[in-house]
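K.L.:
entry.cif is the file, holding mmCIF, C-alpha atoms and all ligand atoms:
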data_query
loop_
_atom_site.label_atom_id
_atom_site.label_comp_id
_atom_site.auth_asym_id
_atom_site.auth_seq_id
_atom_site.Cartn_x
_atom_site.Cartn_y
_atom_site.Cartn_z
CA MET A 1 86.23 228.71 279.56
CA THR A 2 86.70 225.79 277.19
CA LEU A 3 88.79 222.97 278.51
CA HIS A 4 92.37 222.61 277.29
CA ALA A 5 92.71 219.64 274.91
CA LEU A 6 95.47 217.96 276.94
CA LEU A 7 93.48 217.87 280.17
CA THR A 8 91.51 214.89 281.48
CA LEU A 9 89.26 215.79 284.40
CA SER A 10 88.12 213.17 286.91
CA PRO A 11 84.32 212.85 287.11
CA GLU A 12 84.34 214.64 290.49
CA VAL A 13 86.39 217.58 289.20
CA ALA A 14 84.38 217.82 285.96
CA GLU A 15 81.14 218.05 287.94
CA ALA A 16 82.56 220.64 290.35
CA ARG A 17 83.81 222.71 287.43
CA ALA A 18 80.42 222.55 285.69
CA GLN A 19 78.70 223.69 288.88
CA GLY A 20 81.23 226.43 289.60
CA ARG A 21 82.16 224.93 292.97
CA PRO A 22 85.45 225.85 294.67
CA LEU A 23 88.39 223.66 293.61
CA VAL A 24 91.74 223.07 295.29
CA ALA A 25 94.66 221.65 293.27
CA LEU A 26 97.05 219.19 294.92
CA GLU A 27 100.52 218.21 293.68
CA SER A 28 101.77 214.66 293.11
CA THR A 29 105.56 214.92 293.60
CA ILE A 30 104.87 214.89 297.33
CA ILE A 31 103.29 211.43 296.68
CA THR A 32 106.03 209.94 294.45
CA HIS A 33 109.17 211.70 295.66
CA GLY A 34 108.23 213.25 299.03
CA MET A 35 106.82 210.41 301.14
CA PRO A 36 107.29 206.62 301.31
CA TRP A 37 104.55 204.14 300.33
CA PRO A 38 101.98 203.45 301.79
CA GLN A 39 101.84 206.67 303.85
CA ASN A 40 102.04 208.66 300.61
CA VAL A 41 98.75 207.27 299.27
CA GLU A 42 97.07 207.33 302.69
CA THR A 43 98.08 210.98 303.13
CA ALA A 44 96.95 211.93 299.62
CA ARG A 45 93.54 210.39 300.35
CA ALA A 46 93.28 212.08 303.75
CA VAL A 47 94.20 215.46 302.25
CA GLU A 48 91.56 215.06 299.55
CA ALA A 49 88.99 214.18 302.22
CA GLU A 50 90.00 217.23 304.27
CA VAL A 51 89.46 219.53 301.26
CA ARG A 52 85.98 217.99 300.76
CA ALA A 53 85.14 218.29 304.46
CA HIS A 54 85.86 222.01 304.21
CA GLY A 55 83.59 222.77 301.30
CA ALA A 56 85.86 222.46 298.25
CA VAL A 57 86.68 219.76 295.70
CA PRO A 58 90.24 218.34 295.51
CA ALA A 59 92.06 218.00 292.18
CA THR A 60 95.27 215.98 292.47
CA ILE A 61 97.34 216.52 289.33
CA ALA A 62 99.64 214.06 287.49
CA VAL A 63 100.67 213.12 283.94
CA MET A 64 99.76 209.67 282.57
CA GLY A 65 99.35 208.27 279.07
CA GLY A 66 100.08 211.55 277.31
CA ARG A 67 97.41 213.44 279.24
CA ILE A 68 97.39 215.86 282.18
CA HIS A 69 95.06 214.36 284.76
CA VAL A 70 93.27 216.88 286.94
CA GLY A 71 91.71 214.84 289.71
CA LEU A 72 92.79 211.21 290.09
CA THR A 73 90.48 208.26 290.65
CA ALA A 74 91.25 206.05 293.67
CA GLU A 75 92.82 203.52 291.31
CA GLU A 76 95.03 206.09 289.56
CA LEU A 77 96.22 207.43 292.90
CA GLU A 78 97.15 203.94 294.14
CA THR A 79 99.00 203.17 290.88
CA LEU A 80 100.94 206.43 291.06
CA GLY A 81 101.81 205.88 294.74
CA GLN A 82 103.48 202.55 293.96
CA ALA A 83 104.90 203.30 290.51
CA LYS A 84 108.66 203.15 289.93
CA GLY A 85 110.60 205.48 287.64
CA VAL A 86 108.05 208.28 287.77
CA MET A 87 109.39 211.52 286.26
CA LYS A 88 109.57 214.56 288.54
CA LEU A 89 107.98 217.29 286.47
CA SER A 90 108.74 220.95 286.66
CA ARG A 91 108.13 223.61 283.98
CA ALA A 92 111.00 222.20 281.90
CA ASP A 93 109.74 218.61 281.79
CA LEU A 94 105.98 218.82 281.40
CA ALA A 95 105.73 218.79 277.61
CA ALA A 96 108.54 216.23 277.28
CA CYS A 97 106.74 213.81 279.61
CA LEU A 98 103.51 214.20 277.62
CA ALA A 99 105.38 213.69 274.34
CA GLN A 100 106.99 210.47 275.58
CA GLY A 101 103.82 209.10 277.12
CA ARG A 102 105.55 208.60 280.44
CA VAL A 103 104.19 208.83 283.97
CA GLY A 104 105.06 212.09 285.69
CA ALA A 105 104.41 213.65 289.07
CA THR A 106 103.98 217.41 289.18
CA THR A 107 106.07 219.65 291.46
CA VAL A 108 104.73 222.94 292.76
CA ALA A 109 105.77 224.68 289.52
CA ALA A 110 104.15 222.13 287.19
CA THR A 111 101.04 221.83 289.38
CA MET A 112 100.57 225.60 289.18
CA ILE A 113 100.81 225.46 285.37
CA CYS A 114 98.28 222.62 285.11
CA ALA A 115 95.94 224.17 287.69
CA ALA A 116 95.93 227.44 285.75
CA LEU A 117 95.12 225.55 282.53
CA ALA A 118 92.14 223.98 284.32
CA GLY A 119 90.98 227.32 285.73
CA ILE A 120 91.88 226.36 289.33
CA LYS A 121 93.14 229.29 291.37
CA VAL A 122 94.13 227.72 294.69
CA PHE A 123 96.58 224.93 295.44
CA ALA A 124 97.61 223.26 298.71
CA THR A 125 100.91 221.50 299.36
CA GLY A 126 103.46 220.88 302.13
CA GLY A 127 106.64 222.76 301.34
CA ILE A 128 107.88 224.59 298.26
CA GLY A 129 111.26 224.35 296.56
CA GLY A 130 113.61 227.28 297.09
CA VAL A 131 117.19 228.47 297.03
CA HIS A 132 119.43 225.65 298.21
CA ARG A 133 122.22 226.28 300.65
CA GLY A 134 125.44 226.83 298.73
CA ALA A 135 123.47 228.19 295.74
CA GLU A 136 126.19 230.81 295.28
CA SER A 137 128.33 227.99 293.85
CA SER A 138 125.77 225.31 292.80
CA PHE A 139 123.23 227.77 291.27
CA ASP A 140 120.51 225.42 292.61
CA ILE A 141 117.37 227.57 292.75
CA SER A 142 114.04 225.75 292.41
CA ALA A 143 111.94 226.59 289.37
CA ASP A 144 109.04 226.85 291.85
CA LEU A 145 110.16 230.37 292.77
CA LEU A 146 110.04 231.66 289.20
CA GLU A 147 106.66 230.01 288.63
CA PHE A 148 105.10 232.16 291.35
CA ALA A 149 106.14 235.19 289.30
CA GLN A 150 104.21 234.15 286.19
CA THR A 151 101.34 231.74 286.94
CA PRO A 152 98.22 233.07 288.69
CA VAL A 153 97.67 230.49 291.43
CA THR A 154 97.62 231.03 295.20
CA VAL A 155 99.72 228.30 296.82
CA VAL A 156 99.27 227.38 300.48
CA ALA A 157 102.43 225.81 301.96
CA ALA A 158 103.95 225.54 305.44
CA GLY A 159 106.77 227.81 304.34
CA ALA A 160 109.98 226.15 303.20
CA LYS A 161 112.19 223.56 304.81
CA ALA A 162 115.39 224.61 306.54
CA ILE A 163 117.22 222.28 304.11
CA LEU A 164 117.07 225.47 302.02
CA ASP A 165 118.69 228.85 302.49
CA LEU A 166 115.57 230.65 303.73
CA PRO A 167 116.88 234.26 303.64
CA LYS A 168 118.01 233.78 300.01
CA THR A 169 114.68 232.11 299.17
CA LEU A 170 112.80 235.17 300.44
CA GLU A 171 115.17 237.49 298.54
CA VAL A 172 114.57 235.69 295.23
CA LEU A 173 110.79 235.80 295.76
CA GLU A 174 111.02 239.53 296.47
CA THR A 175 113.15 240.15 293.36
CA HIS A 176 110.51 238.44 291.23
CA GLY A 177 107.63 240.37 292.76
CA VAL A 178 106.00 237.44 294.52
CA PRO A 179 103.74 238.22 297.48
CA VAL A 180 104.81 236.08 300.45
CA ILE A 181 102.01 236.13 303.00
CA ALA A 182 102.36 234.60 306.46
CA TYR A 183 98.99 233.44 307.72
CA GLY A 184 98.04 234.52 311.24
CA GLN A 185 101.54 235.45 312.40
CA ASP A 186 104.42 237.79 311.54
CA ASP A 187 107.16 235.21 311.03
CA PHE A 188 107.82 233.15 307.91
CA PRO A 189 107.27 229.51 308.97
CA ALA A 190 109.90 226.82 308.35
CA PHE A 191 107.84 223.71 307.59
CA TRP A 192 108.33 221.54 310.73
CA SER A 193 108.82 224.67 312.86
CA ARG A 194 106.29 227.49 313.21
CA SER A 195 108.97 230.12 312.87
CA SER A 196 112.08 230.41 310.73
CA GLY A 197 113.29 233.31 312.81
CA LEU A 198 112.67 235.54 309.77
CA LYS A 199 109.83 238.00 309.33
CA ALA A 200 107.53 237.34 306.38
CA PRO A 201 107.15 240.32 304.03
CA LEU A 202 103.34 240.28 304.38
CA ARG A 203 100.81 239.02 306.92
CA MET A 204 97.11 238.22 306.54
CA ASP A 205 94.69 236.77 309.07
CA SER A 206 91.74 235.68 306.93
CA ALA A 207 91.04 233.58 303.86
CA ALA A 208 88.80 236.32 302.47
CA GLU A 209 91.66 238.83 302.52
CA ILE A 210 93.98 236.39 300.73
CA ALA A 211 91.34 235.75 298.05
CA ARG A 212 90.78 239.49 297.64
CA ALA A 213 94.52 240.11 297.20
CA ALA A 214 94.62 237.48 294.43
CA ARG A 215 91.69 239.11 292.64
CA LEU A 216 93.19 242.59 292.90
CA ARG A 217 96.55 241.38 291.64
CA ALA A 218 94.81 240.09 288.51
CA GLU A 219 92.80 243.31 288.18
CA LEU A 220 96.02 245.30 288.21
CA GLY A 221 97.27 243.18 285.32
CA LEU A 222 100.10 241.73 287.40
CA PRO A 223 101.03 238.20 286.33
CA GLY A 224 101.82 235.48 288.85
CA GLY A 225 100.44 234.04 292.03
CA GLN A 226 100.88 234.30 295.76
CA LEU A 227 102.68 232.20 298.34
CA VAL A 228 100.67 231.75 301.53
CA ALA A 229 102.90 230.47 304.32
CA ASN A 230 100.72 228.70 306.87
CA PRO A 231 102.48 227.65 310.10
CA ILE A 232 102.30 224.00 311.19
CA PRO A 233 99.79 223.41 314.05
CA GLU A 234 101.52 223.76 317.42
CA ALA A 235 100.82 220.17 318.50
CA ALA A 236 102.65 218.76 315.46
CA GLU A 237 105.66 221.08 315.51
CA ILE A 238 109.21 219.69 315.77
CA PRO A 239 111.38 222.18 317.67
CA ARG A 240 114.22 223.72 315.64
CA ALA A 241 116.85 222.37 318.05
CA GLU A 242 115.64 218.85 317.30
CA ILE A 243 115.32 219.05 313.51
CA MET A 244 118.41 221.14 312.70
CA PRO A 245 121.05 218.43 313.44
CA VAL A 246 119.09 215.99 311.27
CA ILE A 247 118.99 218.51 308.43
CA GLU A 248 122.72 219.15 308.77
CA GLN A 249 123.47 215.42 308.56
CA ALA A 250 121.28 214.97 305.46
CA LEU A 251 122.98 217.95 303.79
CA THR A 252 126.46 216.59 304.58
CA GLU A 253 125.52 213.20 303.10
CA ALA A 254 124.14 214.83 299.95
CA ALA A 255 127.38 216.77 299.49
CA THR A 256 129.58 213.72 300.13
CA GLN A 257 127.60 211.60 297.68
CA GLY A 258 127.63 214.30 294.99
CA ILE A 259 123.81 214.52 294.75
CA ALA A 260 122.84 217.25 292.25
CA ALA A 261 120.03 218.86 290.22
CA LYS A 262 116.55 217.27 290.49
CA ALA A 263 117.81 214.56 292.84
CA VAL A 264 118.72 216.96 295.66
CA THR A 265 115.29 217.65 297.18
CA PRO A 266 114.01 214.01 297.07
CA PHE A 267 117.31 212.79 298.55
CA LEU A 268 117.14 215.21 301.47
CA LEU A 269 113.45 214.48 302.16
CA GLN A 270 114.09 210.73 302.14
CA ARG A 271 117.08 210.95 304.49
CA ILE A 272 115.24 213.20 306.93
CA PHE A 273 112.34 210.72 307.06
CA GLU A 274 114.79 207.89 307.79
CA LEU A 275 116.78 209.85 310.37
CA THR A 276 113.72 210.95 312.38
CA ALA A 277 112.15 207.47 312.24
CA GLY A 278 108.73 208.65 311.17
CA ARG A 279 108.48 211.73 313.39
CA SER A 280 109.04 214.10 310.47
CA LEU A 281 106.43 212.22 308.46
CA GLU A 282 103.77 212.66 311.15
CA SER A 283 104.42 216.40 311.26
CA ASN A 284 104.47 216.54 307.48
CA ILE A 285 101.01 214.93 307.30
CA ALA A 286 99.61 217.30 309.96
CA LEU A 287 100.83 220.40 308.14
CA VAL A 288 99.53 219.30 304.74
CA MET A 289 96.08 218.70 306.28
CA ASN A 290 96.24 222.16 307.85
CA ASN A 291 97.12 223.67 304.46
CA ALA A 292 94.25 221.78 302.80
CA ARG A 293 91.79 223.42 305.22
CA LEU A 294 93.09 226.94 304.59
CA ALA A 295 93.20 226.39 300.82
CA ALA A 296 89.58 225.20 300.85
CA ALA A 297 88.57 228.36 302.70
CA ILE A 298 90.46 230.58 300.23
CA ALA A 299 88.93 228.76 297.25
CA ALA A 300 85.45 229.21 298.73
CA ALA A 301 86.14 232.93 299.33
N1 LIG A 401 109.79 220.53 299.52
C1 LIG A 401 109.17 219.80 300.45
N2 LIG A 401 108.43 218.73 300.06
C2 LIG A 401 108.32 218.37 298.74
C3 LIG A 401 108.98 219.16 297.77
C4 LIG A 401 109.70 220.23 298.20
O1 LIG A 401 109.26 220.13 301.64
O2 LIG A 401 107.65 217.37 298.43
C5 LIG A 401 108.81 218.84 296.31
C6 LIG A 401 107.71 219.74 295.71
O3 LIG A 401 107.06 219.02 294.68
C7 LIG A 401 108.52 220.89 295.12
C8 LIG A 401 109.74 220.16 294.61
O4 LIG A 401 107.85 221.57 294.09
O5 LIG A 401 110.01 219.17 295.61
C9 LIG A 401 110.92 221.09 294.43
O6 LIG A 401 111.97 220.38 293.84
P1 LIG A 401 113.27 221.18 293.33
O7 LIG A 401 113.92 221.70 294.58
O8 LIG A 401 114.09 220.15 292.60
O9 LIG A 401 112.75 222.26 292.42
MN MN A 402 116.97 222.24 292.26
#
Translate this file's structure into structure tokens.
P.N.:
Amino acid sequence: MTLHALLTLSPEVAEARAQGRPLVALESTIITHGMPWPQNVETARAVEAEVRAHGAVPATIAVMGGRIHVGLTAEELETLGQAKGVMKLSRADLAACLAQGRVGATTVAATMICAALAGIKVFATGGIGGVHRGAESSFDISADLLEFAQTPVTVVAAGAKAILDLPKTLEVLETHGVPVIAYGQDDFPAFWSRSSGLKAPLRMDSAAEIARAARLRAELGLPGGQLVANPIPEAAEIPRAEIMPVIEQALTEAATQGIAAKAVTPFLLQRIFELTAGRSLESNIALVMNNARLAAAIAAA
């Protein structure tokens, strides 16, 4: 496959690609809009190291200087982690950011698009966007959900945060024909909590099976990817009873302050970090590392 003209590969990713080694894409909105500095850069580095330690090569994706960077150098990562005014890129914004030569961080949707352009089939993150509570009046449904229906990348996440309406999120994924696979358990996980109280539509217990399902989906001519929902490790879990009041407070504040559109998710994440005084961040880091390990195994398979 010839490389798309808008892509710049890091030396590490270029070498892995040339050698046909397993690659795992990583998003950058989690760095710029999902975690505070300096934990954002430290976590991004640790996640990359975890992918390497498990036999794959990490490719963190971001837009800089009119190019899509697939794999960031240590310097680029540090710059991005401290940059102000970084655009949050979804499907709608990617080309605009490139055209304007601005710095942009890729969400799950945009990372899937860029990964597919680079021939990368597996991507690890923390949580995905979904249907927001009150979507019946706000119409706030993340573009991430529609991306799963059209871009052939397997995304490993710890489910979705309970800041979202999880039953509606699962319904939208089902409507769009997206396989939602819980890993190693029956329940759909809820980010900080191992269970959302909802059953996941599908369950798989091995990386090989998940990789096989992705291949067969392509063989059948079905577009789109898969969502693998990997529960947070038990030791890092925050019980639902503890996290729910914090989520409710953050949601109330967002409503009172009239937060809308792209600002909603970053606002809620930021407030939850502040309200749990770092506890949510520790769990967040643990679950991303866990997802990096599973993604590496799927990529290798
Ligand atoms: N959910 C999280 N952590 C995140 C995000 C979502 O638990 O960092 C980020 C991801 O980049 C995701 C994006 O793709 O927010 C979704 O934003 P929106 O809801 O505006 O589509
Ligand atoms: Mn939204």
K.L.:
If you count only C-alpha atoms and all ligand atoms, which residues end up within 8 Å of ligand MN 402 (chain A), as a list of chain:residue names?
P.N.:
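I would give the residues around ligand MN 402 (chain A) as A:Gly129, A:Gly130, A:Val131, A:His132, A:Asp140, A:Ile141, A:Ser142, A:Ala143, A:Ala260, A:Ala261, A:Lys262, A:Ala263, A:Val264, A:Thr265.
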K.L.:
Which protein, DNA or RNA residues have an atom within 9 Å of ligand LIG 401 (chain A), counting only C-alpha atoms and all ligand atoms, as an MDAnalysis selection string?
P.N.:
chainID A and resid 27:35 88:90 105:111 125:132 140:145 157:161 163:164 191 261:266 269 284
K.L.:
Please produce a file of the residues just selected, as a compact mmCIF listing (two decimals), in the coordinates of the input, where the atoms kept are C-alpha atoms.
P.N.:
# COMPACT_ATOMS: atom_id res chain seq x y z
CA GLU A 27 100.52 218.21 293.68
CA SER A 28 101.77 214.66 293.11
CA THR A 29 105.56 214.92 293.60
CA ILE A 30 104.87 214.89 297.33
CA ILE A 31 103.29 211.43 296.68
CA THR A 32 106.03 209.94 294.45
CA HIS A 33 109.17 211.70 295.66
CA GLY A 34 108.23 213.25 299.03
CA MET A 35 106.82 210.41 301.14
CA LYS A 88 109.57 214.56 288.54
CA LEU A 89 107.98 217.29 286.47
CA SER A 90 108.74 220.95 286.66
CA ALA A 105 104.41 213.65 289.07
CA THR A 106 103.98 217.41 289.18
CA THR A 107 106.07 219.65 291.46
CA VAL A 108 104.73 222.94 292.76
CA ALA A 109 105.77 224.68 289.52
CA ALA A 110 104.15 222.13 287.19
CA THR A 111 101.04 221.83 289.38
CA THR A 125 100.91 221.50 299.36
CA GLY A 126 103.46 220.88 302.13
CA GLY A 127 106.64 222.76 301.34
CA ILE A 128 107.88 224.59 298.26
CA GLY A 129 111.26 224.35 296.56
CA GLY A 130 113.61 227.28 297.09
CA VAL A 131 117.19 228.47 297.03
CA HIS A 132 119.43 225.65 298.21
CA ASP A 140 120.51 225.42 292.61
CA ILE A 141 117.37 227.57 292.75
CA SER A 142 114.04 225.75 292.41
CA ALA A 143 111.94 226.59 289.37
CA ASP A 144 109.04 226.85 291.85
CA LEU A 145 110.16 230.37 292.77
CA ALA A 157 102.43 225.81 301.96
CA ALA A 158 103.95 225.54 305.44
CA GLY A 159 106.77 227.81 304.34
CA ALA A 160 109.98 226.15 303.20
CA LYS A 161 112.19 223.56 304.81
CA ILE A 163 117.22 222.28 304.11
CA LEU A 164 117.07 225.47 302.02
CA PHE A 191 107.84 223.71 307.59
CA ALA A 261 120.03 218.86 290.22
CA LYS A 262 116.55 217.27 290.49
CA ALA A 263 117.81 214.56 292.84
CA VAL A 264 118.72 216.96 295.66
CA THR A 265 115.29 217.65 297.18
CA PRO A 266 114.01 214.01 297.07
CA LEU A 269 113.45 214.48 302.16
CA ASN A 284 104.47 216.54 307.48
K.L.:
Report, in Å with one decimal, the straight-line distance from CA of Ala236 (chain A) to CA of Gln82 (chain A).
P.N.:
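Computing the Euclidean distance for CA of Ala236 (chain A) and CA of Gln82 (chain A) yields 26.9 Å.
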K.L.:
Restricting the calculation to all atoms listed in the file, which member of A:Thr252, A:Ala301, A:Arg293, A:Lys121 is positioned closest to Ala218 (chain A)?
P.N.:
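Once distances to Ala218 (chain A) are computed over all atoms listed in the file, the minimum belongs to A:Lys121.
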K.L.:
Which residue is closest to Glu282 (chain A)? Choose from A:Asn40, A:Glu219, A:Glu12, A:Gln150 and count all atoms listed in the file.
P.N.:
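When distances to Glu282 (chain A) are compared using all atoms listed in the file, the smallest one comes from A:Asn40.
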